[in-house]
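*Asks:* Before we start, here is the structure in question, set down as structure tokens.
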Amino acid sequence: MSDEPVDDRAREGPPEPQEGSDEPQPALADADAASPPLETDGEGVVGDHPSPEPTYPDSDDDIGGVSTPPGDEEMPLADHIEEMVLRLAVVLLFAAGGTAIGLLWASQAIEFVWFSVFPAGSNAPPPHVYQPLELWLTRIKVASLLGIMVALPAFVYECYLFMRPGLYPNERKYYLAAVPTSVVLGAIGMLFSYVLVLPILFQYFTYYAEDSAIVAYALGETFNLIITLMGFLAIVFQIPLFIMLAIMMGVTTRRWLAQKRLYFWAAFAGLAFMFTLDPTGMAPILVAVTMILLFEGTLFVLKWVGR
């Protein structure tokens with residue numbers, strides 16, 4: 001055995017740090033060195049650390065321990081209902097004015113749309129009227145489509161004015177940016193239906209029946225399908241906007257949407273078959289494929305830009 005003296009400090013372990021000392025702790029230094037660096041997935045999510053709660057520095061009220069937006073005031077329920085009815089009346093006024101203007105050129109619009117939705121180069125069958133008021137009802141439906149297009153921006157803006165006192169400044173910014181975007185996407189959806197979906201659909205109808213029967217399209221039923229598809233696709237093209245707003249406001253993430261894509265696909269197919277009036281199944285398939293492509297395209301763009 002060695003006769004060398006043993007240091008009592010080595011036997012007792014490392015010295016305890018003095019209070020107030022700025023020297024780094026060996027154990028903490030080792031733990032920091034062993035921890036892996038934070039990694040990001042390019043979607044605004046870093047590791048498993050939850051994102052901090054959003055703060056609203058502009059809020060100056062505190063009711064019951066909950067911060068409220070600036071300008072938010074308590075109002076009786078009757079006042080809220082009265083304000084909502086008045087704003088709805090403004091929207092209906094815009095819709096009625098657009099419909100009245102549309103009635104002036106409804107017959108020309110019916111003729112133009114009828115001979116445009118059939119494939120180019122084919123002999124479009126003439127419309128058939130089977131009820132006394134079918135032509136007038138079709139004119140009102142076509143004019144109402146113009147009224148809806150005119151009233152849509154007014155509806156979105158009146159909703160903003162109604163909800164403005166309860167919105168934080170950043171939420172107002174998102175909403176105001178969404179108003180023109182929503183109108184543009186709705187117009188693109190209607191144009192997409194008119195230029196691509198309806199010609200494909202009527203070409204399928206004509207090809208499916210021409211060998212077994214003489215095709216005679218009823219005016220009212222045909223325009224019911226045309227107006228339904230154009231209106232529904234105007235709503236369908238809002239999918240990218242809804243996804244972007246949900247991610248910007250922290251409601252969801254791109255990764256979660258990508259993981260649940262099969263559920264969204266099933267929901268899109270169910271909505272398409274529920275709201276598209278076509279017993280052959282061709283129109284719902286076209287609409288469902290369009291919804292899935294919009295959903296996946298939005299996720300691809302978000303991944304590409306790294307948000």
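Ordering of the structure tokens sets the chain letters (A, B, ...); residue numbers start at 1 within each chain; ligands are numbered from 1 in the order shown.
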Quick one: residues within 9 Å of stretch 74-91 of chain A, only C-alpha atoms, excluding same-chain residues fewer than 3 positions away - as JSON, numbers by chain?

*Replies:* {"A": [94, 95, 96, 151, 152, 153, 154, 155, 158, 159, 161, 162]}

*Asks:* Measuring atom to atom with only C-alpha atoms, identify which of A:Val150, A:Val236, A:Leu201, A:Val305 is nearest to A:Met282.

*Replies:*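 Looking at the shortest contact to A:Met282, the residue is A:Leu201.
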
*Asks:* So how far away is atom CA of A:Pro199 from atom CA of A:Pro127, in Å?

*Replies:*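 Going from atom CA of A:Pro127 over to atom CA of A:Pro199, I get 16.0 Å.
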
*Asks:* Quick one: residues within 8 Å of stretch 138-148 of chain A, only C-alpha atoms, excluding same-chain residues fewer than 5 positions away - as a list in words?

*Replies:*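 After dropping sequence-adjacent residues, the list is Phe94, Ala95, Ala96, Gly97, Gly98, Thr99, Ala100, Ile101, Gly102, Leu103, Ala106, Ser107, Ala109, Ile110, Leu219, Gly220, Phe223 and Ile227 of chain A.
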
*Asks:* Next, write the just-selected residues to a file, as a CSV table (one decimal), in the first residue's frame, keeping all heavy atoms as the atom set.

*Replies:*
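Result went into part_2.csv, see below:
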```csv
chain,number,residue,atom,x,y,z
A,94,PHE,N,-77.9,45.5,-50.8
A,94,PHE,CA,-77.0,45.3,-51.9
A,94,PHE,C,-77.4,44.1,-52.7
A,94,PHE,O,-77.3,44.2,-54.0
A,94,PHE,CB,-75.6,45.1,-51.3
A,94,PHE,CG,-74.8,46.3,-51.0
A,94,PHE,CD1,-74.9,46.9,-49.7
A,94,PHE,CD2,-74.0,46.9,-51.9
A,94,PHE,CE1,-74.2,48.1,-49.4
A,94,PHE,CE2,-73.3,48.1,-51.7
A,94,PHE,CZ,-73.4,48.7,-50.4
A,95,ALA,N,-77.8,43.0,-52.1
A,95,ALA,CA,-78.2,41.9,-52.9
A,95,ALA,C,-79.4,42.2,-53.8
A,95,ALA,O,-79.5,41.8,-54.9
A,95,ALA,CB,-78.5,40.7,-52.0
A,96,ALA,N,-80.4,42.9,-53.2
A,96,ALA,CA,-81.6,43.3,-54.0
A,96,ALA,C,-81.2,44.2,-55.2
A,96,ALA,O,-81.7,44.0,-56.3
A,96,ALA,CB,-82.6,44.0,-53.1
A,97,GLY,N,-80.3,45.1,-55.0
A,97,GLY,CA,-79.9,46.0,-56.0
A,97,GLY,C,-79.2,45.3,-57.1
A,97,GLY,O,-79.4,45.5,-58.3
A,98,GLY,N,-78.3,44.3,-56.8
A,98,GLY,CA,-77.6,43.5,-57.8
A,98,GLY,C,-78.6,42.6,-58.5
A,98,GLY,O,-78.4,42.5,-59.8
A,99,THR,N,-79.5,42.1,-57.8
A,99,THR,CA,-80.5,41.2,-58.5
A,99,THR,C,-81.4,42.0,-59.5
A,99,THR,O,-81.7,41.6,-60.6
A,99,THR,CB,-81.4,40.5,-57.5
A,99,THR,OG1,-80.6,39.8,-56.6
A,99,THR,CG2,-82.4,39.6,-58.1
A,100,ALA,N,-81.8,43.2,-59.1
A,100,ALA,CA,-82.6,44.1,-60.0
A,100,ALA,C,-81.8,44.4,-61.2
A,100,ALA,O,-82.4,44.4,-62.3
A,100,ALA,CB,-83.0,45.3,-59.2
A,101,ILE,N,-80.5,44.7,-61.1
A,101,ILE,CA,-79.7,45.0,-62.3
A,101,ILE,C,-79.6,43.8,-63.1
A,101,ILE,O,-79.6,43.9,-64.4
A,101,ILE,CB,-78.4,45.6,-61.8
A,101,ILE,CG1,-78.6,46.9,-61.1
A,101,ILE,CG2,-77.4,45.8,-63.0
A,101,ILE,CD1,-77.3,47.5,-60.5
A,102,GLY,N,-79.4,42.6,-62.5
A,102,GLY,CA,-79.2,41.4,-63.2
A,102,GLY,C,-80.4,41.0,-64.0
A,102,GLY,O,-80.3,40.4,-65.1
A,103,LEU,N,-81.6,41.4,-63.6
A,103,LEU,CA,-82.8,41.0,-64.3
A,103,LEU,C,-82.9,41.7,-65.7
A,103,LEU,O,-83.6,41.2,-66.6
A,103,LEU,CB,-84.1,41.4,-63.5
A,103,LEU,CG,-84.4,40.4,-62.3
A,103,LEU,CD1,-85.6,41.0,-61.5
A,103,LEU,CD2,-84.8,39.1,-62.9
A,106,ALA,N,-80.9,39.3,-67.9
A,106,ALA,CA,-81.0,37.9,-67.5
A,106,ALA,C,-81.1,37.0,-68.7
A,106,ALA,O,-80.5,35.9,-68.8
A,106,ALA,CB,-82.1,37.6,-66.5
A,107,SER,N,-82.0,37.4,-69.7
A,107,SER,CA,-82.2,36.5,-70.9
A,107,SER,C,-80.9,36.4,-71.7
A,107,SER,O,-80.6,35.3,-72.1
A,107,SER,CB,-83.3,37.1,-71.7
A,107,SER,OG,-84.5,37.2,-71.0
A,109,ALA,N,-77.9,36.6,-70.5
A,109,ALA,CA,-77.0,35.8,-69.7
A,109,ALA,C,-77.3,34.3,-69.8
A,109,ALA,O,-76.4,33.5,-69.9
A,109,ALA,CB,-77.0,36.3,-68.2
A,110,ILE,N,-78.6,34.0,-69.8
A,110,ILE,CA,-79.0,32.6,-69.9
A,110,ILE,C,-78.5,32.0,-71.2
A,110,ILE,O,-78.0,30.9,-71.3
A,110,ILE,CB,-80.5,32.5,-69.8
A,110,ILE,CG1,-81.0,32.7,-68.3
A,110,ILE,CG2,-81.0,31.1,-70.2
A,110,ILE,CD1,-82.5,32.8,-68.2
A,219,LEU,N,-84.5,23.6,-69.0
A,219,LEU,CA,-83.9,24.9,-68.6
A,219,LEU,C,-83.7,25.0,-67.1
A,219,LEU,O,-82.6,25.4,-66.7
A,219,LEU,CB,-84.7,26.0,-69.2
A,219,LEU,CG,-84.2,27.4,-68.9
A,219,LEU,CD1,-82.9,27.7,-69.7
A,219,LEU,CD2,-85.3,28.4,-69.4
A,220,GLY,N,-84.8,24.8,-66.4
A,220,GLY,CA,-84.7,25.0,-64.9
A,220,GLY,C,-83.7,24.1,-64.2
A,220,GLY,O,-82.9,24.5,-63.4
A,223,PHE,N,-80.0,24.9,-65.1
A,223,PHE,CA,-79.4,26.0,-64.4
A,223,PHE,C,-79.4,25.9,-62.9
A,223,PHE,O,-78.6,26.5,-62.3
A,223,PHE,CB,-80.2,27.3,-64.8
A,223,PHE,CG,-79.7,28.0,-66.0
A,223,PHE,CD1,-80.0,27.7,-67.3
A,223,PHE,CD2,-78.7,29.0,-65.8
A,223,PHE,CE1,-79.5,28.4,-68.3
A,223,PHE,CE2,-78.1,29.7,-66.8
A,223,PHE,CZ,-78.5,29.4,-68.1
A,227,ILE,N,-75.8,26.9,-61.3
A,227,ILE,CA,-75.7,27.8,-60.3
A,227,ILE,C,-75.2,27.2,-59.0
A,227,ILE,O,-74.4,27.7,-58.2
A,227,ILE,CB,-77.1,28.5,-60.0
A,227,ILE,CG1,-77.5,29.3,-61.2
A,227,ILE,CG2,-77.0,29.4,-58.8
A,227,ILE,CD1,-78.8,29.9,-61.2
```
